[in-house]
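**Q** One file: coords-v1.cif (mmCIF, C-alpha atoms).
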```cif
data_data
loop_
_atom_site.label_atom_id
_atom_site.label_comp_id
_atom_site.auth_asym_id
_atom_site.auth_seq_id
_atom_site.Cartn_x
_atom_site.Cartn_y
_atom_site.Cartn_z
CA MET Q 13 37.42 -22.79 -40.12
CA LEU Q 14 33.98 -22.76 -38.54
CA LEU Q 15 34.99 -20.46 -35.67
CA ALA Q 16 34.97 -17.21 -37.64
CA PRO Q 17 31.46 -17.71 -39.13
CA LEU Q 18 30.09 -18.72 -35.71
CA LEU Q 19 31.58 -15.64 -34.08
CA ALA Q 20 30.16 -13.45 -36.83
CA LEU Q 21 26.73 -15.02 -36.33
CA LEU Q 22 26.94 -14.44 -32.57
CA VAL Q 23 27.86 -10.79 -33.06
CA THR Q 24 24.96 -10.35 -35.49
CA CYS Q 25 22.50 -11.96 -33.08
CA LEU Q 26 23.66 -9.79 -30.19
CA ALA Q 27 23.40 -6.67 -32.32
CA GLN Q 28 19.83 -7.54 -33.30
CA ARG Q 29 18.70 -8.31 -29.75
CA PRO Q 30 16.38 -5.54 -28.54
CA THR Q 31 17.49 -3.46 -25.59
CA PRO Q 32 15.31 -3.46 -22.46
CA ARG Q 33 14.02 -0.03 -23.52
CA GLN Q 34 13.01 -1.33 -26.94
CA SER Q 35 11.14 -4.18 -25.24
CA ILE Q 36 8.78 -1.83 -23.39
CA SER Q 37 5.31 -1.63 -24.92
CA ALA Q 38 4.57 1.33 -27.18
CA PRO Q 39 2.47 4.16 -25.66
CA GLN Q 40 -1.29 3.69 -25.81
CA THR Q 41 -3.92 6.38 -26.19
CA GLY Q 42 -7.00 6.23 -23.99
CA ALA Q 43 -5.81 3.28 -21.86
CA ARG Q 44 -7.72 2.58 -18.65
CA ALA Q 45 -6.80 0.95 -15.35
CA SER Q 46 -9.01 -1.79 -13.90
CA ASP Q 47 -10.96 0.81 -11.86
CA GLY Q 48 -11.58 3.02 -14.89
CA SER Q 49 -8.80 5.53 -14.17
CA LEU Q 50 -7.43 7.16 -17.32
CA ILE Q 51 -3.78 6.42 -18.10
CA VAL Q 52 -1.95 9.19 -19.96
CA GLU Q 53 1.56 8.57 -21.32
CA GLY Q 54 4.26 10.91 -22.55
CA GLU Q 55 7.93 11.83 -22.62
CA SER Q 56 9.82 14.79 -21.24
CA VAL Q 57 13.42 15.76 -22.01
CA VAL Q 58 15.03 17.04 -18.81
CA ASN Q 59 18.67 18.07 -18.65
CA GLY Q 60 19.25 16.14 -21.86
CA LEU Q 61 17.69 12.96 -20.44
CA THR Q 62 14.52 11.49 -21.93
CA LEU Q 63 12.07 10.45 -19.22
CA ARG Q 64 9.06 8.45 -20.36
CA TRP Q 65 6.17 8.49 -17.89
CA LYS Q 66 2.64 7.25 -17.30
CA VAL Q 67 0.04 8.88 -15.04
CA SER Q 68 -3.20 7.25 -13.87
CA GLY Q 69 -6.14 9.16 -12.43
CA PRO Q 70 -9.65 10.54 -13.01
CA ASP Q 71 -10.25 12.23 -16.37
CA ASP Q 72 -11.02 15.59 -14.81
CA GLN Q 73 -7.56 15.83 -13.20
CA PHE Q 74 -5.65 15.95 -16.49
CA VAL Q 75 -4.67 19.23 -18.10
CA VAL Q 76 -3.93 17.36 -21.34
CA GLY Q 77 -5.34 14.05 -22.50
CA GLY Q 78 -8.38 14.20 -20.23
CA ALA Q 79 -11.14 16.64 -19.37
CA GLY Q 80 -8.88 19.65 -18.96
CA ALA Q 81 -8.76 19.58 -15.14
CA LYS Q 82 -12.31 20.91 -14.92
CA THR Q 83 -13.13 20.10 -11.31
CA ASP Q 84 -13.83 21.90 -8.07
CA LYS Q 85 -12.60 18.94 -5.99
CA PRO Q 86 -9.35 19.34 -4.00
CA ALA Q 87 -6.30 18.26 -5.95
CA ARG Q 88 -5.03 14.78 -5.21
CA GLY Q 89 -1.43 13.98 -4.36
CA LEU Q 90 1.04 11.94 -6.40
CA ALA Q 91 2.51 8.50 -5.80
CA VAL Q 92 5.65 8.23 -7.94
CA LEU Q 93 7.05 4.74 -8.55
CA LEU Q 94 10.55 3.96 -9.83
CA HIS Q 95 10.93 0.50 -11.35
CA GLY Q 96 13.75 -1.96 -10.77
CA ASP Q 97 16.52 -2.78 -13.24
CA GLY Q 98 14.91 -3.73 -16.54
CA GLY Q 99 11.65 -1.77 -16.17
CA ALA Q 100 9.14 -4.52 -15.27
CA SER Q 101 7.17 -2.35 -12.83
CA PHE Q 102 6.89 0.47 -15.37
CA GLU Q 103 5.26 -1.98 -17.73
CA ALA Q 104 3.00 -3.47 -15.03
CA MET Q 105 2.13 -0.12 -13.38
CA PRO Q 106 0.97 -1.86 -10.17
CA GLY Q 107 -0.70 1.20 -8.63
CA ALA Q 108 -2.74 2.23 -11.68
CA ALA Q 109 -6.08 1.37 -10.04
CA ILE Q 110 -5.85 4.34 -7.68
CA SER Q 111 -9.17 3.66 -5.92
CA GLN Q 112 -7.65 0.43 -4.59
CA SER Q 113 -3.98 1.31 -4.09
CA TYR Q 114 -4.38 4.83 -2.74
CA ALA Q 115 -8.05 5.00 -1.73
CA GLY Q 116 -8.46 7.49 -4.56
CA GLU Q 117 -6.35 10.07 -2.69
CA LEU Q 118 -3.26 9.93 -4.92
CA LEU Q 119 -2.61 9.82 -8.65
CA ASP Q 120 -0.29 7.04 -9.78
CA VAL Q 121 2.90 7.87 -11.68
CA VAL Q 122 5.55 5.53 -13.08
CA VAL Q 123 8.74 6.83 -14.71
CA LEU Q 124 11.10 4.95 -17.00
CA ALA Q 125 14.86 5.22 -16.40
CA PRO Q 126 16.53 7.37 -19.09
CA ASN Q 127 18.90 4.78 -20.55
CA ASN Q 128 18.66 1.73 -22.81
CA GLU Q 129 19.35 -0.67 -19.93
CA LEU Q 130 16.50 0.84 -17.87
CA VAL Q 131 18.71 1.04 -14.77
CA TRP Q 132 18.15 3.99 -12.47
CA GLY Q 133 21.56 5.50 -11.79
CA GLY Q 134 23.22 3.37 -14.48
CA ARG Q 135 25.11 0.11 -14.11
CA ARG Q 136 28.52 1.59 -13.41
CA THR Q 137 29.52 2.44 -9.86
CA ASP Q 138 32.24 4.69 -8.50
CA SER Q 139 34.80 3.95 -5.80
CA ARG Q 140 32.15 4.58 -3.13
CA GLY Q 141 29.77 2.06 -4.69
CA MET Q 142 27.35 4.76 -5.90
CA ARG Q 143 25.83 4.38 -9.35
CA THR Q 144 27.60 6.99 -11.44
CA GLN Q 145 24.46 8.47 -13.02
CA ALA Q 146 22.46 8.53 -9.78
CA VAL Q 147 22.70 12.27 -9.10
CA ALA Q 148 21.88 13.19 -12.72
CA HIS Q 149 18.86 10.86 -12.72
CA ALA Q 150 17.69 12.10 -9.31
CA ASP Q 151 17.86 15.74 -10.38
CA ALA Q 152 16.04 15.02 -13.65
CA LEU Q 153 13.27 13.21 -11.75
CA ASP Q 154 12.86 16.19 -9.43
CA ILE Q 155 12.50 18.58 -12.38
CA LEU Q 156 10.01 16.22 -14.04
CA ILE Q 157 7.78 16.29 -10.95
CA ASP Q 158 8.26 19.96 -10.17
CA ARG Q 159 8.02 21.51 -13.66
CA GLU Q 160 6.84 19.03 -16.27
CA LEU Q 161 4.05 16.97 -14.71
CA PRO Q 162 2.05 20.06 -13.62
CA ARG Q 163 1.59 20.74 -17.34
CA VAL Q 164 -0.03 17.33 -17.68
CA VAL Q 165 -2.06 16.75 -14.54
CA ARG Q 166 -3.40 18.72 -11.60
CA PHE Q 167 -1.95 17.62 -8.23
CA ASP Q 168 -1.16 18.84 -4.72
CA ARG Q 169 2.60 19.44 -4.48
CA ALA Q 170 2.46 19.02 -0.69
CA LYS Q 171 1.26 15.42 -1.08
CA VAL Q 172 3.92 13.70 -3.18
CA SER Q 173 5.04 10.24 -2.09
CA PHE Q 174 7.47 7.73 -3.57
CA THR Q 175 7.84 4.00 -4.09
CA GLY Q 176 11.00 2.30 -5.26
CA VAL Q 177 11.40 -1.25 -6.55
CA SER Q 178 14.85 -2.84 -6.28
CA GLY Q 179 17.17 -0.53 -8.28
CA GLY Q 180 14.54 2.21 -8.03
CA SER Q 181 14.79 1.95 -4.24
CA ILE Q 182 18.57 2.32 -4.49
CA LEU Q 183 18.20 5.53 -6.52
CA LEU Q 184 15.64 6.95 -4.08
CA ALA Q 185 17.54 6.12 -0.90
CA SER Q 186 21.07 6.93 -2.08
CA ALA Q 187 20.51 10.07 -4.17
CA PHE Q 188 16.97 11.38 -4.68
CA LEU Q 189 15.84 11.59 -1.06
CA PRO Q 190 19.08 13.21 0.21
CA ARG Q 191 18.93 15.81 -2.56
CA HIS Q 192 15.22 16.51 -2.87
CA LEU Q 193 13.08 15.08 -0.05
CA GLY Q 194 13.02 18.48 1.65
CA LYS Q 195 10.90 19.83 -1.20
CA TYR Q 196 8.23 17.15 -0.79
CA ALA Q 197 8.13 16.41 2.96
CA SER Q 198 5.24 18.48 4.30
CA GLU Q 199 4.99 19.65 7.90
CA GLY Q 200 1.76 17.74 8.25
CA GLY Q 201 3.51 14.41 7.75
CA GLY Q 202 1.30 13.36 4.87
CA ASN Q 203 4.12 12.01 2.72
CA GLY Q 204 5.52 8.52 2.53
CA VAL Q 205 8.36 6.57 0.98
CA MET Q 206 8.11 2.84 0.37
CA LEU Q 207 11.36 1.03 -0.44
CA LEU Q 208 10.68 -2.43 -1.83
CA CYS Q 209 13.44 -5.05 -2.11
CA GLY Q 210 16.21 -2.47 -2.37
CA GLY Q 211 17.82 0.59 -0.89
CA ASP Q 212 21.03 1.95 0.55
CA ALA Q 213 22.37 4.69 2.78
CA PRO Q 214 22.58 8.25 1.45
CA ALA Q 215 25.70 8.36 -0.71
CA ALA Q 216 28.59 10.53 0.38
CA GLY Q 217 28.32 13.85 -1.41
CA ALA Q 218 24.74 13.23 -2.58
CA ALA Q 219 22.99 15.47 -0.09
CA ALA Q 220 22.33 18.99 -1.29
CA LEU Q 221 19.88 20.21 1.33
CA GLN Q 222 20.60 21.24 4.89
CA ASP Q 223 17.12 20.20 6.01
CA PHE Q 224 17.45 16.54 4.97
CA ALA Q 225 17.20 15.26 8.55
CA THR Q 226 14.13 17.44 9.15
CA ALA Q 227 12.54 16.06 6.00
CA VAL Q 228 13.23 12.48 7.11
CA ALA Q 229 11.59 13.20 10.47
CA ARG Q 230 8.43 14.30 8.64
CA THR Q 231 8.25 11.28 6.35
CA ARG Q 232 6.83 7.80 6.85
CA LEU Q 233 9.46 5.36 5.61
CA ARG Q 234 8.64 1.69 4.95
CA TRP Q 235 11.16 -1.00 4.03
CA GLN Q 236 9.81 -4.26 2.60
CA VAL Q 237 12.25 -7.10 1.88
CA THR Q 238 12.45 -10.89 1.57
CA ASP Q 239 14.52 -13.37 3.54
CA ASN Q 240 16.26 -14.71 0.43
CA GLU Q 241 17.29 -11.33 -0.94
CA LEU Q 242 20.14 -10.83 -3.42
CA PRO Q 243 23.55 -10.92 -1.68
CA GLN Q 244 24.45 -7.34 -2.59
CA LEU Q 245 21.14 -6.04 -1.23
CA LYS Q 246 21.63 -7.96 2.01
CA ARG Q 247 24.54 -5.57 2.56
CA THR Q 248 23.07 -2.29 1.32
CA ILE Q 249 19.55 -2.51 2.78
CA PRO Q 250 20.59 -2.85 6.47
CA ARG Q 251 23.11 -0.05 5.87
CA GLY Q 252 20.29 2.13 4.58
CA ILE Q 253 17.90 1.26 7.41
CA ARG Q 254 20.49 2.18 10.03
CA ALA Q 255 21.44 5.42 8.25
CA TYR Q 256 17.87 6.68 7.93
CA ALA Q 257 17.03 5.69 11.52
CA ALA Q 258 20.07 7.65 12.70
CA LEU Q 259 18.90 10.75 10.81
CA ASP Q 260 15.70 10.86 12.84
CA THR Q 261 17.40 12.10 16.00
CA GLY Q 262 14.11 13.16 17.55
CA LYS Q 263 12.54 9.75 16.86
CA THR Q 264 9.51 11.43 15.36
CA ALA Q 265 9.44 9.53 12.06
CA VAL Q 266 7.48 6.36 11.56
CA GLN Q 267 10.05 3.98 10.09
CA THR Q 268 9.18 0.32 9.68
CA VAL Q 269 10.77 -2.78 8.17
CA PHE Q 270 9.32 -6.18 7.34
CA SER Q 271 10.86 -9.29 5.81
CA SER Q 272 8.84 -12.19 4.46
CA PRO Q 273 9.89 -15.58 3.09
CA GLY Q 274 10.64 -15.58 -0.62
CA SER Q 275 13.18 -14.55 -3.22
CA HIS Q 276 13.93 -11.06 -4.57
CA CYS Q 277 10.70 -8.98 -4.46
CA ALA Q 278 8.54 -12.15 -4.34
CA PHE Q 279 6.96 -11.08 -1.04
CA THR Q 280 4.16 -13.63 -1.25
CA ASN Q 281 6.21 -16.41 -2.92
CA GLY Q 282 4.11 -15.80 -6.03
CA GLY Q 283 6.81 -14.26 -8.20
CA PHE Q 284 8.36 -10.82 -8.70
CA ASN Q 285 5.40 -8.99 -10.26
CA ASP Q 286 2.86 -10.62 -7.94
CA GLY Q 287 4.83 -9.56 -4.87
CA ILE Q 288 5.14 -5.96 -6.01
CA GLN Q 289 1.47 -5.85 -7.01
CA ARG Q 290 0.33 -7.21 -3.65
CA VAL Q 291 2.18 -4.57 -1.63
CA VAL Q 292 1.50 -1.60 -3.93
CA SER Q 293 -2.20 -2.50 -4.12
CA ASN Q 294 -2.23 -2.03 -0.34
CA TRP Q 295 -0.01 1.08 -0.35
CA ARG Q 296 -2.46 3.27 1.55
CA GLU Q 297 -3.02 0.63 4.23
CA VAL Q 298 0.70 -0.02 4.67
CA MET Q 299 1.71 3.63 4.74
CA PHE Q 300 -1.07 5.23 6.78
CA GLY Q 301 -3.32 2.40 7.96
CA GLN Q 302 -2.74 -0.59 10.22
CA GLY Q 303 -0.29 -2.26 7.82
CA GLY Q 304 -2.30 -5.34 6.97
CA VAL Q 305 -1.46 -6.96 3.62
CA PRO Q 306 -3.40 -10.06 2.51
CA GLY Q 307 -1.05 -13.01 2.41
CA LEU Q 308 1.58 -11.27 4.53
CA GLY Q 309 -0.15 -10.04 7.67
CA ASN Q 310 0.83 -6.84 9.47
CA VAL Q 311 4.01 -5.55 7.84
CA ARG Q 312 4.51 -2.56 10.12
CA VAL Q 313 7.39 -3.62 12.36
CA GLN Q 314 9.05 -0.60 13.94
CA VAL Q 315 12.72 -0.04 13.13
CA THR Q 316 14.81 -0.62 16.25
CA PRO Q 317 18.44 -1.70 16.78
CA GLN Q 318 17.09 -5.27 16.90
CA THR Q 319 15.17 -5.01 13.60
CA SER Q 320 17.60 -2.83 11.62
CA ASN Q 321 18.98 -5.93 9.88
CA PRO Q 322 15.86 -7.76 8.65
CA PHE Q 323 17.95 -10.65 7.36
CA THR Q 324 19.02 -11.62 10.87
CA ARG Q 325 16.24 -13.25 12.87
CA GLN Q 326 16.21 -11.91 16.42
#
```
Could you show the structure in this file as structure tokens?
**A**
Amino acid sequence: MLLAPLLALLVTCLAQRPTPRQSISAPQTGARASDGSLIVEGESVVNGLTLRWKVSGPDDQFVVGGAGAKTDKPARGLAVLLHGDGGASFEAMPGAAISQSYAGELLDVVVLAPNNELVWGGRRTDSRGMRTQAVAHADALDILIDRELPRVVRFDRAKVSFTGVSGGSILLASAFLPRHLGKYASEGGGNGVMLLCGGDAPAAGAAALQDFATAVARTRLRWQVTDNELPQLKRTIPRGIRAYAALDTGKTAVQTVFSSPGSHCAFTNGGFNDGIQRVVSNWREVMFGQGGVPGLGNVRVQVTPQTSNPFTRQ
């Protein structure tokens, strides 16, 4: 007799539980990062998908929301971060203090996945193991960067780099980079991709550009993982490392991988957000410097056949 009322109560509670998207903080006007950078928020509808974004940078770089891009200084590049499943890194925006994370050379961008679950590519996978919405999300992200963000902020299109966290790394490695890296990989080699606690090989059928291998050879690619990674990622990450290393047939790319003790994304054993913050705060040093991260040491270990599986100690 009590079962029916209890089931009804459970259904009501589940219906009232906020989705991950509803749990994200409401947009703020005039927010500032710890270094004083202005944070401008907005939404763009691309191919029917609603992409919420935040951009951090100096006031004079913004076309809207700032000083109207009134500056004679060279345009900065972009560092675009895709959060993991659930959106924690969108909320935290770990690279917002651009003077620290990017030595003031890049503007920080975080983008929220266009679904209620906040999962880049969606939760469902096809027979090949690819997230079924990955291509649609990757193409929408490309349009956001290429057409929508220039209406908001002034930036150098030849200096666009990417960071993925967990599920965001999977979307980048499996779909976005194969389809769109060629547009952003400059001949000067000034672009980078950082894949944190996630990733995979390019999905079959995802590549749309003939110059994908050329683009990979022009791009600095960093993999950062932990020894106690999630079981699924212990399979997909080594697969991705090997696939991207194989694409660089001329061995011109700088591809590195580093594993530290800790659980998923907790690179410094201080928790998920702390680990992401520690690495992203040192993005410029890891990508183009000597690779030294406080609490981790030098994370730039060259990808070789011996290091392609970071979960196997050699």
**Q** Tell me which of Q:Gln40, Q:Ser111, Q:Ser293, Q:Thr238 sits closest to Val52 in chain Q, counting only C-alpha atoms.
**A**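 Smallest separation from Val52 in chain Q among the options: Q:Gln40.
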**Q** Which distance in Å separates CA of Ala45 in chain Q and CA of Gly211 in chain Q, to one decimal?
**A**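 Rounded to one decimal, the two atoms are 28.6 Å apart.
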**Q** Please report the interatomic distance between CA of Pro162 in chain Q and CA of His95 in chain Q in Å with one decimal.
**A**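 These atoms are spaced 21.6 Å apart.
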**Q** Enumerate, as JSON, numbers by chain, the residues matched when the PyMOL selection byres ((chain Q and resi 201) around 9) is run on the file above.
**A** {"Q": [197, 198, 199, 200, 202, 203, 204, 229, 230, 231, 232, 265]}
**Q** With the file shown as input, list the residues that the PyMOL selection byres ((chain Q and resi 42) around 12) selects, as a ChimeraX atom specification.
**A** /Q:39-41,43-45,48-53,66-69,71,76-78
**Q** Please determine, counting all atoms listed in the file, which residue among Q:Gly60, Q:Pro322, Q:Gly89, Q:Pro243 has the shortest atom-to-atom distance to His149 in chain Q.
**A**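 Residue with the minimum atom-to-atom distance to His149 in chain Q: Q:Gly60.
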**Q** Can I get the residues of range 121-151 of chain Q within 9 Å of range 169-190 of chain Q, each with the closest pair of atoms and their distance in Å to one decimal, using only C-alpha atoms, sorted chain first then ascending number, as JSON lines?
**A**
```
{"residue": "Q:Ala125", "atom": "CA", "partner": "Q:Gly180", "partner_atom": "CA", "distance": 8.9}
{"residue": "Q:Val131", "atom": "CA", "partner": "Q:Gly179", "partner_atom": "CA", "distance": 6.9}
{"residue": "Q:Trp132", "atom": "CA", "partner": "Q:Gly180", "partner_atom": "CA", "distance": 6.0}
{"residue": "Q:Gly133", "atom": "CA", "partner": "Q:Leu183", "partner_atom": "CA", "distance": 6.3}
{"residue": "Q:Met142", "atom": "CA", "partner": "Q:Ser186", "partner_atom": "CA", "distance": 7.7}
{"residue": "Q:Arg143", "atom": "CA", "partner": "Q:Leu183", "partner_atom": "CA", "distance": 8.2}
{"residue": "Q:Ala146", "atom": "CA", "partner": "Q:Ala187", "partner_atom": "CA", "distance": 6.1}
{"residue": "Q:Val147", "atom": "CA", "partner": "Q:Ala187", "partner_atom": "CA", "distance": 5.8}
{"residue": "Q:His149", "atom": "CA", "partner": "Q:Leu183", "partner_atom": "CA", "distance": 8.2}
{"residue": "Q:Ala150", "atom": "CA", "partner": "Q:Phe188", "partner_atom": "CA", "distance": 4.7}
{"residue": "Q:Asp151", "atom": "CA", "partner": "Q:Phe188", "partner_atom": "CA", "distance": 7.2}
```
**Q** Exactly which residues make up the result of the PyMOL selection byres ((chain Q and resi 279) around 12) on this file, given as a VMD selection string?
**A** chain Q and resid 208 to 209 236 to 241 270 to 278 280 to 292 305 to 309 311
**Q** For the atom pair CA of Ser113 in chain Q and CA of Asn310 in chain Q, what is the interatomic distance in Å to one decimal place?
**A**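 Pair CA of Ser113 in chain Q / CA of Asn310 in chain Q returns 16.5 Å.
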**Q** Give the centre and edge lengths of an axis-aligned box, in Å to one decimal, that holds all listed atoms of range 276-283 of chain Q with 6 Å on each side, as lines of an AutoDock Vina configuration file.
**A**
```
center_x = 9.0
center_y = -12.7
center_z = -4.6
size_x = 21.8
size_y = 19.4
size_z = 19.2
```
**Q** Could you list, as a PyMOL selection string, every residue within 12 Å of Val313 in chain Q, counting all atoms listed in the file and ignoring same-chain residues fewer than 5 positions away?
**A** chain Q and resi 233-236+266-272+298-299+302-304+318-320+322
**Q** Can you list, as JSON, numbers by chain, every protein, DNA or RNA residue that comes within 12 Å of Ser139 in chain Q when you count only C-alpha atoms, leaving out same-chain residues fewer than 5 positions away?
**A** {"Q": [144, 215, 216]}
**Q** Return the single residue from Q:Arg251, Q:Asn59, Q:Arg191, Q:Gln244 that is closest to Val228 in chain Q, with distances computed using all atoms listed in the file.
**A**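 For Val228 in chain Q, the nearest of the given residues is Q:Arg191.
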